[in-house]
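Next comes upload.txt, a file with compact mmCIF, C-alpha atoms and all ligand atoms.
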# COMPACT_ATOMS: atom_id res chain seq x y z
CA MET A 1 -61.07 125.17 -25.77
CA SER A 2 -58.96 125.72 -22.70
CA MET A 3 -58.33 129.29 -21.61
CA ASN A 4 -54.73 130.20 -20.80
CA LEU A 5 -54.04 130.09 -17.07
CA LEU A 6 -51.77 131.89 -14.65
CA VAL A 7 -51.26 130.21 -11.27
CA LYS A 8 -49.73 132.63 -8.76
CA ASN A 9 -48.55 132.48 -5.15
CA ILE A 10 -47.51 128.83 -5.38
CA GLY A 11 -45.76 127.80 -2.13
CA LYS A 12 -43.67 125.27 -4.07
CA ILE A 13 -43.75 123.84 -7.56
CA VAL A 14 -42.79 120.18 -7.11
CA GLY A 15 -41.44 117.76 -9.73
CA ILE A 16 -39.77 120.18 -12.13
CA ASP A 17 -37.68 118.56 -14.88
CA GLU A 18 -36.02 120.31 -17.80
CA SER A 19 -33.42 117.60 -18.49
CA GLY A 20 -35.28 115.94 -21.36
CA ARG A 21 -34.88 112.50 -19.80
CA VAL A 22 -37.73 110.00 -20.13
CA SER A 23 -37.29 108.25 -16.78
CA VAL A 24 -35.51 108.66 -13.45
CA ALA A 25 -33.31 105.77 -12.31
CA GLY A 26 -31.43 104.55 -9.23
CA LYS A 27 -30.03 107.24 -6.92
CA ASP A 28 -31.58 110.02 -9.01
CA MET A 29 -35.00 108.78 -7.93
CA GLY A 30 -34.27 110.32 -4.54
CA ASP A 31 -34.25 113.87 -5.97
CA VAL A 32 -37.31 115.97 -6.77
CA ALA A 33 -36.63 119.48 -8.07
CA MET A 34 -38.74 122.26 -6.54
CA LEU A 35 -39.17 126.00 -6.96
CA GLU A 36 -40.33 128.14 -4.03
CA ASN A 37 -42.72 131.13 -4.13
CA ALA A 38 -43.58 130.65 -7.76
CA TRP A 39 -45.99 131.21 -10.63
CA LEU A 40 -46.82 129.00 -13.60
CA ARG A 41 -48.49 129.78 -16.92
CA THR A 42 -50.20 127.58 -19.50
CA ASP A 43 -50.73 128.12 -23.21
CA GLY A 44 -53.66 126.01 -24.38
CA GLU A 45 -53.04 122.41 -23.30
CA ARG A 46 -49.39 122.95 -22.41
CA ILE A 47 -47.24 124.44 -19.67
CA SER A 48 -45.61 127.51 -21.21
CA ASP A 49 -43.46 128.90 -18.40
CA TYR A 50 -42.91 129.25 -14.68
CA GLY A 51 -40.74 131.38 -12.45
CA THR A 52 -40.52 133.06 -9.06
CA MET A 53 -43.01 135.67 -7.85
CA GLU A 54 -40.45 138.53 -8.00
CA ASN A 55 -40.43 138.14 -11.78
CA LEU A 56 -44.15 137.83 -12.34
CA THR A 57 -45.39 139.90 -15.28
CA PRO A 58 -49.00 141.19 -15.18
CA ALA A 59 -51.82 138.83 -16.13
CA ASP A 60 -52.99 139.52 -19.67
CA GLY A 61 -56.63 138.49 -19.75
CA CYS A 62 -55.94 134.88 -18.79
CA GLU A 63 -57.74 133.05 -15.98
CA VAL A 64 -55.86 133.55 -12.69
CA ILE A 65 -55.70 130.91 -9.98
CA ASP A 66 -54.35 132.06 -6.61
CA ALA A 67 -52.63 129.04 -5.02
CA GLU A 68 -52.50 130.86 -1.67
CA ASP A 69 -49.16 129.21 -0.83
CA GLY A 70 -50.40 125.73 -1.73
CA TRP A 71 -48.06 123.34 -3.57
CA LEU A 72 -48.29 122.46 -7.24
CA PHE A 73 -47.63 118.82 -8.24
CA PRO A 74 -47.56 117.05 -11.62
CA SER A 75 -50.68 114.88 -11.88
CA PHE A 76 -50.26 111.21 -11.08
CA CYS A 77 -49.79 108.87 -14.03
CA ASP A 78 -51.48 105.54 -13.32
CA SER A 79 -50.01 103.09 -15.82
CA HIS A 80 -51.94 99.97 -14.79
CA THR A 81 -55.68 99.76 -14.10
CA HIS A 82 -58.69 97.61 -14.88
CA ILE A 83 -61.36 100.18 -14.05
CA VAL A 84 -63.98 99.10 -16.56
CA TYR A 85 -65.77 96.29 -14.70
CA ALA A 86 -69.32 95.46 -13.72
CA GLY A 87 -70.41 95.56 -10.09
CA SER A 88 -67.96 94.45 -7.42
CA ARG A 89 -66.60 91.25 -5.84
CA GLU A 90 -66.90 91.64 -2.10
CA GLN A 91 -68.11 88.03 -1.74
CA GLU A 92 -64.55 87.02 -2.64
CA PHE A 93 -63.28 89.57 -0.14
CA LEU A 94 -65.23 87.62 2.49
CA ASP A 95 -63.87 84.32 1.11
CA LYS A 96 -60.35 85.70 1.54
CA ILE A 97 -61.09 86.77 5.11
CA ASN A 98 -62.25 83.21 5.71
CA GLY A 99 -58.96 81.79 4.47
CA LEU A 100 -59.15 81.20 0.71
CA SER A 101 -56.31 82.51 -1.46
CA TYR A 102 -56.68 84.50 -4.70
CA GLU A 103 -55.50 81.45 -6.67
CA GLU A 104 -57.99 79.13 -4.93
CA ILE A 105 -60.86 81.50 -5.70
CA ALA A 106 -59.76 81.65 -9.35
CA LYS A 107 -59.53 77.83 -9.58
CA ARG A 108 -63.14 77.55 -8.36
CA GLY A 109 -64.25 79.68 -11.33
CA GLY A 110 -64.46 82.91 -9.35
CA GLY A 111 -62.13 85.85 -9.75
CA ILE A 112 -61.63 87.15 -13.28
CA LEU A 113 -64.27 84.74 -14.68
CA ASN A 114 -66.77 86.06 -12.16
CA SER A 115 -66.17 89.59 -13.49
CA ALA A 116 -66.41 88.30 -17.09
CA ASP A 117 -69.87 86.82 -16.39
CA ARG A 118 -71.04 90.12 -14.91
CA LEU A 119 -69.61 92.16 -17.76
CA HIS A 120 -71.39 89.90 -20.26
CA ASP A 121 -74.73 90.63 -18.55
CA THR A 122 -74.18 94.40 -18.33
CA SER A 123 -74.95 96.87 -21.13
CA GLU A 124 -72.25 99.07 -22.64
CA GLU A 125 -74.14 102.10 -21.35
CA GLU A 126 -74.21 100.83 -17.76
CA LEU A 127 -70.53 99.76 -17.91
CA TYR A 128 -69.64 103.26 -19.07
CA ARG A 129 -71.67 104.82 -16.27
CA GLN A 130 -69.97 102.70 -13.59
CA ALA A 131 -66.50 103.28 -15.03
CA MET A 132 -67.03 107.04 -15.24
CA GLU A 133 -67.82 107.11 -11.51
CA ARG A 134 -64.39 105.56 -10.93
CA ILE A 135 -62.82 108.01 -13.39
CA ASP A 136 -64.33 110.94 -11.45
CA GLU A 137 -62.96 109.38 -8.27
CA ILE A 138 -59.37 109.08 -9.55
CA VAL A 139 -59.45 112.52 -11.15
CA SER A 140 -60.45 114.03 -7.81
CA MET A 141 -57.48 112.23 -6.21
CA GLY A 142 -54.96 113.71 -8.64
CA THR A 143 -54.63 111.28 -11.56
CA GLY A 144 -54.21 112.91 -14.98
CA LEU A 145 -53.09 110.07 -17.28
CA VAL A 146 -54.43 106.54 -16.90
CA GLU A 147 -54.05 103.21 -18.66
CA ILE A 148 -57.12 100.98 -18.72
CA LYS A 149 -57.12 97.28 -19.62
CA SER A 150 -59.75 95.05 -21.15
CA GLY A 151 -59.64 91.43 -19.96
CA TYR A 152 -63.10 91.02 -18.43
CA GLY A 153 -64.60 90.08 -21.79
CA LEU A 154 -62.70 86.91 -22.75
CA THR A 155 -64.85 86.47 -25.88
CA ILE A 156 -64.38 88.53 -29.05
CA GLU A 157 -67.72 90.31 -28.62
CA ASP A 158 -67.17 91.14 -24.97
CA GLU A 159 -63.53 92.19 -25.40
CA LEU A 160 -64.66 94.60 -28.12
CA LYS A 161 -67.44 95.76 -25.82
CA ILE A 162 -65.10 96.63 -22.94
CA LEU A 163 -62.61 98.28 -25.33
CA ARG A 164 -65.39 100.41 -26.82
CA VAL A 165 -66.26 101.56 -23.32
CA ILE A 166 -62.61 102.53 -22.82
CA ARG A 167 -62.70 104.45 -26.13
CA ARG A 168 -65.79 106.32 -24.96
CA ILE A 169 -64.00 107.23 -21.73
CA LYS A 170 -61.03 108.43 -23.83
CA GLU A 171 -63.34 110.70 -25.80
CA ASN A 172 -65.23 112.16 -22.85
CA ALA A 173 -63.14 112.12 -19.67
CA PRO A 174 -61.04 115.16 -18.72
CA LEU A 175 -57.92 113.06 -18.18
CA GLU A 176 -55.76 111.34 -20.82
CA VAL A 177 -56.42 107.60 -21.39
CA ARG A 178 -54.46 104.72 -22.95
CA ALA A 179 -56.13 101.38 -23.76
CA THR A 180 -54.63 97.92 -23.36
CA PHE A 181 -55.99 94.69 -24.84
CA LEU A 182 -55.78 91.95 -22.19
CA GLY A 183 -57.63 89.06 -23.84
CA ALA A 184 -55.16 86.69 -22.14
CA HIS A 185 -56.24 87.63 -18.62
CA ALA A 186 -57.81 84.19 -18.04
CA VAL A 187 -59.09 81.40 -20.31
CA GLY A 188 -62.67 82.24 -21.34
CA ARG A 189 -65.31 79.81 -20.04
CA ALA A 190 -66.10 78.45 -23.52
CA TYR A 191 -62.45 77.33 -23.80
CA LYS A 192 -62.19 75.63 -20.40
CA GLY A 193 -59.49 72.93 -20.56
CA ARG A 194 -58.38 74.17 -24.00
CA GLN A 195 -55.93 76.93 -23.08
CA GLY A 196 -53.79 76.44 -26.20
CA GLU A 197 -56.83 76.93 -28.43
CA TYR A 198 -57.81 80.03 -26.49
CA VAL A 199 -54.35 81.50 -27.09
CA GLU A 200 -54.75 80.76 -30.83
CA HIS A 201 -58.11 82.53 -30.72
CA VAL A 202 -56.54 85.57 -29.01
CA CYS A 203 -53.80 85.72 -31.67
CA ASN A 204 -55.75 84.80 -34.80
CA ASP A 205 -59.10 86.44 -34.14
CA MET A 206 -59.13 88.84 -31.22
CA ILE A 207 -55.97 90.88 -31.87
CA PRO A 208 -56.82 91.45 -35.56
CA ALA A 209 -60.38 92.48 -34.65
CA VAL A 210 -59.16 94.87 -31.94
CA ALA A 211 -56.54 96.36 -34.27
CA LYS A 212 -59.05 96.75 -37.10
CA GLU A 213 -61.17 99.05 -34.95
CA GLY A 214 -58.08 100.79 -33.54
CA LEU A 215 -59.26 100.07 -30.02
CA ALA A 216 -55.95 99.38 -28.25
CA ASP A 217 -52.58 101.04 -27.76
CA PHE A 218 -50.96 98.11 -25.95
CA VAL A 219 -51.26 94.35 -25.44
CA ASP A 220 -50.99 92.58 -22.07
CA VAL A 221 -50.82 88.95 -20.86
CA PHE A 222 -51.24 87.54 -17.34
CA CYS A 223 -48.00 85.52 -17.37
CA ASP A 224 -48.09 83.69 -14.07
CA ARG A 225 -48.50 80.37 -12.29
CA GLY A 226 -51.96 78.99 -13.08
CA PHE A 227 -52.53 81.51 -15.90
CA PHE A 228 -50.48 81.88 -19.14
CA THR A 229 -47.04 80.37 -19.84
CA VAL A 230 -43.92 82.12 -21.11
CA GLU A 231 -44.35 80.50 -24.55
CA GLU A 232 -47.97 81.61 -24.78
CA THR A 233 -46.99 85.10 -23.64
CA ALA A 234 -44.26 85.34 -26.31
CA LYS A 235 -46.71 84.27 -28.98
CA ILE A 236 -49.28 86.87 -27.96
CA ILE A 237 -46.85 89.76 -27.68
CA GLU A 238 -45.25 88.86 -31.03
CA THR A 239 -48.69 88.91 -32.62
CA GLY A 240 -49.49 92.21 -30.90
CA ALA A 241 -46.23 93.69 -32.23
CA LYS A 242 -47.28 92.87 -35.80
CA TYR A 243 -50.32 95.06 -35.23
CA GLY A 244 -48.33 97.89 -33.66
CA LEU A 245 -49.25 97.10 -30.05
CA ARG A 246 -46.42 97.35 -27.53
CA ALA A 247 -46.49 94.95 -24.60
CA LYS A 248 -47.13 95.50 -20.91
CA ILE A 249 -46.96 92.23 -19.00
CA HIS A 250 -48.53 91.00 -15.75
CA ALA A 251 -45.51 89.16 -14.35
CA ASN A 252 -44.41 87.50 -11.12
CA GLU A 253 -47.44 88.24 -8.96
CA LEU A 254 -47.97 84.67 -7.83
CA ALA A 255 -44.58 83.15 -8.64
CA ILE A 256 -41.32 83.79 -10.52
CA SER A 257 -43.03 83.14 -13.83
CA GLY A 258 -40.50 84.02 -16.51
CA GLY A 259 -42.72 87.00 -17.31
CA VAL A 260 -39.96 89.53 -16.59
CA GLU A 261 -37.48 87.82 -18.92
CA VAL A 262 -39.95 87.34 -21.77
CA GLY A 263 -41.04 90.97 -21.42
CA VAL A 264 -37.48 92.31 -21.54
CA GLU A 265 -36.63 90.05 -24.47
CA HIS A 266 -39.57 91.42 -26.45
CA LYS A 267 -38.89 95.06 -25.46
CA ALA A 268 -42.09 95.36 -23.46
CA LEU A 269 -42.90 98.86 -22.24
CA SER A 270 -43.31 97.51 -18.73
CA VAL A 271 -43.46 94.38 -16.60
CA ASP A 272 -45.90 94.81 -13.75
CA HIS A 273 -46.57 93.36 -10.25
CA LEU A 274 -43.15 91.80 -9.38
CA GLU A 275 -44.12 90.58 -5.93
CA SER A 276 -41.83 87.59 -6.61
CA MET A 277 -38.39 88.73 -7.77
CA GLY A 278 -34.98 87.04 -7.58
CA ASP A 279 -31.61 88.62 -8.37
CA GLU A 280 -31.74 87.11 -11.90
CA GLN A 281 -34.93 89.02 -12.66
CA ILE A 282 -33.40 92.27 -11.43
CA ASP A 283 -30.31 91.59 -13.56
CA ALA A 284 -32.51 90.92 -16.59
CA LEU A 285 -34.02 94.40 -16.26
CA LYS A 286 -30.65 96.19 -16.13
CA GLY A 287 -29.82 97.95 -19.38
CA SER A 288 -33.32 97.42 -20.78
CA ASP A 289 -35.97 100.04 -21.54
CA THR A 290 -38.66 97.93 -19.87
CA MET A 291 -40.10 99.74 -16.83
CA PRO A 292 -40.56 97.52 -13.75
CA THR A 293 -43.86 98.61 -12.27
CA MET A 294 -45.06 97.85 -8.77
CA LEU A 295 -48.66 97.76 -7.59
CA PRO A 296 -48.51 97.75 -3.78
CA GLY A 297 -52.30 98.15 -3.48
CA CYS A 298 -52.52 94.55 -4.67
CA ALA A 299 -50.07 93.15 -2.09
CA PHE A 300 -51.91 95.17 0.57
CA PHE A 301 -55.31 93.81 -0.41
CA LEU A 302 -54.23 90.18 -0.91
CA GLY A 303 -51.93 90.12 2.11
CA ILE A 304 -48.99 88.87 0.06
CA GLY A 305 -45.36 90.02 0.15
CA TYR A 306 -44.45 93.38 -1.38
CA PRO A 307 -42.11 93.79 -4.37
CA PRO A 308 -38.44 94.39 -3.44
CA ALA A 309 -38.37 98.07 -4.46
CA ARG A 310 -35.21 98.89 -2.50
CA ARG A 311 -33.19 96.12 -4.14
CA MET A 312 -34.33 97.32 -7.54
CA ILE A 313 -33.57 101.00 -6.98
CA ASP A 314 -30.27 100.23 -5.25
CA ALA A 315 -29.37 98.13 -8.31
CA GLY A 316 -29.72 101.34 -10.35
CA LEU A 317 -33.10 100.61 -11.93
CA ALA A 318 -35.92 103.04 -12.59
CA VAL A 319 -39.19 101.77 -11.09
CA ALA A 320 -42.78 102.89 -11.51
CA LEU A 321 -45.85 102.72 -9.27
CA ALA A 322 -49.45 102.18 -10.35
CA SER A 323 -52.74 101.38 -8.64
CA ASP A 324 -53.94 98.21 -10.45
CA TYR A 325 -57.47 99.50 -9.67
CA ASN A 326 -59.62 96.34 -10.18
CA PRO A 327 -62.41 94.47 -8.38
CA GLY A 328 -60.35 91.41 -7.36
CA THR A 329 -56.98 92.52 -6.03
CA ALA A 330 -56.98 96.32 -5.64
CA PRO A 331 -60.36 98.05 -5.43
CA SER A 332 -58.84 101.53 -5.17
CA GLY A 333 -57.23 103.98 -7.57
CA ASN A 334 -55.80 106.25 -4.91
CA MET A 335 -52.26 106.96 -6.13
CA ARG A 336 -51.38 108.91 -3.02
CA PHE A 337 -52.16 105.85 -0.92
CA VAL A 338 -50.04 103.82 -3.36
CA MET A 339 -47.19 106.24 -2.57
CA SER A 340 -47.81 105.74 1.16
CA LEU A 341 -47.67 101.95 0.78
CA ALA A 342 -44.47 102.30 -1.24
CA SER A 343 -42.93 104.36 1.58
CA ILE A 344 -44.29 102.38 4.52
CA LYS A 345 -44.08 98.84 3.15
CA MET A 346 -41.35 99.07 0.54
CA LYS A 347 -39.11 101.71 2.14
CA MET A 348 -39.19 104.03 -0.83
CA THR A 349 -38.59 107.64 0.17
CA PRO A 350 -41.40 110.10 -0.61
CA ALA A 351 -39.25 111.56 -3.39
CA GLU A 352 -38.67 108.12 -4.93
CA ALA A 353 -42.35 107.31 -4.65
CA LEU A 354 -43.33 110.59 -6.33
CA ASN A 355 -40.92 110.03 -9.24
CA ALA A 356 -42.24 106.47 -9.56
CA ALA A 357 -45.87 107.65 -9.64
CA THR A 358 -45.31 110.46 -12.17
CA MET A 359 -42.34 110.45 -14.59
CA ASN A 360 -41.65 106.70 -14.46
CA SER A 361 -45.30 105.65 -14.64
CA ALA A 362 -45.71 108.00 -17.64
CA CYS A 363 -42.69 106.24 -19.16
CA ALA A 364 -44.45 102.88 -18.58
CA MET A 365 -47.09 104.17 -21.04
CA GLY A 366 -44.50 105.58 -23.47
CA GLU A 367 -45.73 109.07 -22.57
CA SER A 368 -43.03 110.68 -20.43
CA LYS A 369 -42.16 113.20 -23.18
CA ASN A 370 -45.60 114.73 -22.61
CA TYR A 371 -46.54 113.87 -19.03
CA GLY A 372 -45.07 113.12 -15.61
CA SER A 373 -43.31 116.35 -14.60
CA ILE A 374 -43.60 120.13 -14.55
CA THR A 375 -41.74 120.94 -17.74
CA ARG A 376 -42.11 123.74 -20.29
CA GLY A 377 -43.93 122.23 -23.25
CA LYS A 378 -45.40 119.24 -21.43
CA VAL A 379 -49.15 118.88 -21.05
CA ALA A 380 -50.52 121.11 -18.27
CA ASN A 381 -51.65 118.30 -15.95
CA PHE A 382 -51.28 119.29 -12.31
CA TYR A 383 -53.04 119.73 -9.00
CA ILE A 384 -52.62 122.32 -6.28
CA THR A 385 -52.70 121.35 -2.63
CA LYS A 386 -53.13 123.33 0.54
CA PRO A 387 -49.81 124.57 2.03
CA LEU A 388 -47.73 121.54 3.07
CA PRO A 389 -44.98 121.36 5.71
CA SER A 390 -42.86 119.06 3.51
CA LEU A 391 -43.01 116.60 0.63
CA ALA A 392 -43.04 113.74 3.16
CA TYR A 393 -46.32 115.06 4.59
CA MET A 394 -48.11 113.83 1.50
CA PRO A 395 -47.62 110.04 1.93
CA TYR A 396 -47.42 110.47 5.72
CA ALA A 397 -50.88 111.99 6.31
CA HIS A 398 -52.24 109.58 3.75
CA GLN A 399 -55.96 110.12 4.24
CA THR A 400 -56.02 113.88 4.88
CA PRO A 401 -57.58 115.61 1.88
CA ILE A 402 -55.03 118.06 0.47
CA ILE A 403 -56.08 118.80 -3.13
CA ARG A 404 -57.71 122.20 -3.73
CA GLU A 405 -57.48 122.73 -7.47
CA ILE A 406 -57.08 120.47 -10.49
CA VAL A 407 -55.92 121.39 -13.99
CA LEU A 408 -56.00 118.77 -16.76
CA LYS A 409 -54.86 119.44 -20.32
CA GLY A 410 -54.73 123.13 -19.45
CA LYS A 411 -58.33 123.16 -18.26
CA HIS A 412 -59.21 124.25 -14.73
CA ILE A 413 -61.68 121.55 -13.75
CA LYS A 414 -62.01 121.95 -9.99
CA LYS A 415 -62.71 124.66 -7.48
O1 LIG B 1 -53.56 92.82 -11.79
N1 LIG B 1 -53.49 89.61 -11.70
C1 LIG B 1 -54.22 89.74 -12.67
N2 LIG B 1 -55.12 90.70 -12.90
C2 LIG B 1 -55.55 91.62 -11.90
C3 LIG B 1 -56.62 91.10 -11.05
C4 LIG B 1 -57.86 90.90 -11.82
C5 LIG B 1 -59.03 90.41 -11.01
O2 LIG B 1 -58.88 89.65 -10.05
O3 LIG B 1 -60.13 90.82 -11.39
C6 LIG B 1 -54.35 92.13 -11.15
O4 LIG B 1 -54.16 91.88 -9.96
FE FE B 2 -53.53 94.13 -13.11

Would you mind giving the structure from this file in structure tokens?
Ligand code: NIG
Ligand code: FE
Amino acid sequence: MSMNLLVKNIGKIVGIDESGRVSVAGKDMGDVAMLENAWLRTDGERISDYGTMENLTPADGCEVIDAEDGWLFPSFCDSHTHIVYAGSREQEFLDKINGLSYEEIAKRGGGILNSADRLHDTSEEELYRQAMERIDEIVSMGTGLVEIKSGYGLTIEDELKILRVIRRIKENAPLEVRATFLGAHAVGRAYKGRQGEYVEHVCNDMIPAVAKEGLADFVDVFCDRGFFTVEETAKIIETGAKYGLRAKIHANELAISGGVEVGVEHKALSVDHLESMGDEQIDALKGSDTMPTMLPGCAFFLGIGYPPARRMIDAGLAVALASDYNPGTAPSGNMRFVMSLASIKMKMTPAEALNAATMNSACAMGESKNYGSITRGKVANFYITKPLPSLAYMPYAHQTPIIREIVLKGKHIKK
């Protein structure tokens, strides 16, 4: 049970939204509503009210947090991660330093298949332990809602194993979790050279088994050069839809893959990566409810070009940011650093980056009615920083620790 909270002496509440909208698009992404010299109250899991200090009524037996002029932000929503994995892959990091590309490493049987081998040899208990260390890490950096993908199993047994670990995280972690089935992350070793048969196996056997145990909220496909085709992607997301799983697609990381178009056509919740984007792909997203999601930690780590965020926002789109936390292309779940990369490398303003990492990334999980802003009635997921000179300070001083207090689902979990 969470005790009701009163946070007082807040320098600024950041990211207020009472409009009822589910995402922030185009020019509006540049605005973040704030309230100075404020208090905020929770009722159980939810935010009940906030106001300015002049109008503060006395605390009535609730727990009081004195923000001491620190700022209060909505928790980050990280809509794309792969944080359940075994061990690490720094040998491939060295290979990349020595000149191999991500695709070359994958072709040699490394990459995702390397992680699948390790996951196979690791117990559920040990996988859970390793993943919970990463969960503690992202919680301490301000994340309050996270999506976690399977995709390092690639056999029925091992996909169920990784999804059960995600379910256990859901049940025990302080933050909110959504699970995505990503059987089509790579072709499992047993199906080498038989990609079509593997796709059949994903559709006919894996998805029904996953759905039977209720282990996934969403379905994902790595739709890219050297991985799965547009036709295969369509087949998998159509099968997922029959079982109530909405799609989130890995698209256009390595090439313009058709992944954006097939995602939009099938009303995917999001299309993610987008390092390769032409004007046609941006046009395809206009007027759709599919959230384009960028993962600049991946471009940073692989040394590839960044997604064209400015072109997308200037075209009027809403865009989201996520970490992609995984052992091969983004071994970090630091959403504040993701914001910094978005500002430094993609020329998103700090306000745009914050909207992209909160409201819009919540929308990419279908959860922006409950998460992603400071709103009466939304889940009380927020963190309190030390006093800040400006919003821009946050992505600017990107390694300076600023978080003092964390509240998740109305529960004060850090001091
Ligand atoms: O989002 N691109 C596909 N999947 C992951 C990487 C997975 C891995 O290399 O382990 C990504 O970048
Ligand atoms: Fe990914």

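Computed from the coordinates, the atom CA of Leu302 of chain A to atom CA of Thr329 of chain A distance equals 6.3 Å.
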
Which residues are close to segment 331-338 of chain A, i.e. within 6 Å by all atoms listed in the file, leaving aside same-chain residues fewer than 5 positions away? Reply as a ChimeraX atom specification.
/A:138,323,325-326,398

Residues of the last selection are to be written out with C-alpha atoms, as a compact mmCIF listing (two decimals), keeping the file's coordinate frame.
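Okay, result-v6.txt is ready:
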# COMPACT_ATOMS: atom_id res chain seq x y z
CA ILE A 138 -59.37 109.08 -9.55
CA SER A 323 -52.74 101.38 -8.64
CA TYR A 325 -57.47 99.50 -9.67
CA ASN A 326 -59.62 96.34 -10.18
CA HIS A 398 -52.24 109.58 3.75

Per residue of chain A within 8 Å of ligand FE 2 (chain B), which atom pair is closest and at what distance in Å (one decimal), using only C-alpha atoms and all ligand atoms, listed by chain and increasing number, as a tab-separated table?
residue	atom	partner	partner_atom	distance
A:His80	CA	B:FE2	FE	6.3
A:Thr81	CA	B:FE2	FE	6.1
A:His82	CA	B:FE2	FE	6.5
A:His250	CA	B:FE2	FE	6.5
A:Asp272	CA	B:FE2	FE	7.7
A:His273	CA	B:FE2	FE	7.6
A:Asp324	CA	B:FE2	FE	4.9
A:Tyr325	CA	B:FE2	FE	7.5
A:Asn326	CA	B:FE2	FE	7.1

Applying 12 Å and all atoms listed in the file, which residues near segment 110-112 of chain A remain after dropping the ones on its own chain fewer than 6 positions away? List them as number ranges by chain.
A: 82, 85-86, 88-93, 95-96, 100-104, 118-119, 150-154, 182-189, 222, 227, 326-329

Using only C-alpha atoms and all ligand atoms, the residue out of A:Met365, A:Ile413, A:Ala216, A:Ala322 with shortest distance to ligand LIG 1 (chain B) is A:Ala322

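For Ala209 of chain A, the set of protein, DNA and RNA residues having any atom at most 12 Å away, when counting all atoms listed in the file and skipping those fewer than 2 positions along the same chain, is Thr155, Ile156, Glu157, Asp158, Glu159, Leu160, Lys161, Leu163, Phe181, Gly183, His201, Val202, Cys203, Asn204, Asp205, Met206, Ile207, Ala211, Lys212, Glu213, Gly214, Leu215, Ala216, Gly240 and Tyr243 of chain A.
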
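Closest approach to Leu269 of chain A among A:Lys286, A:Lys345, A:Lys248, A:His412 is made by A:Lys248 (distances from all atoms listed in the file).
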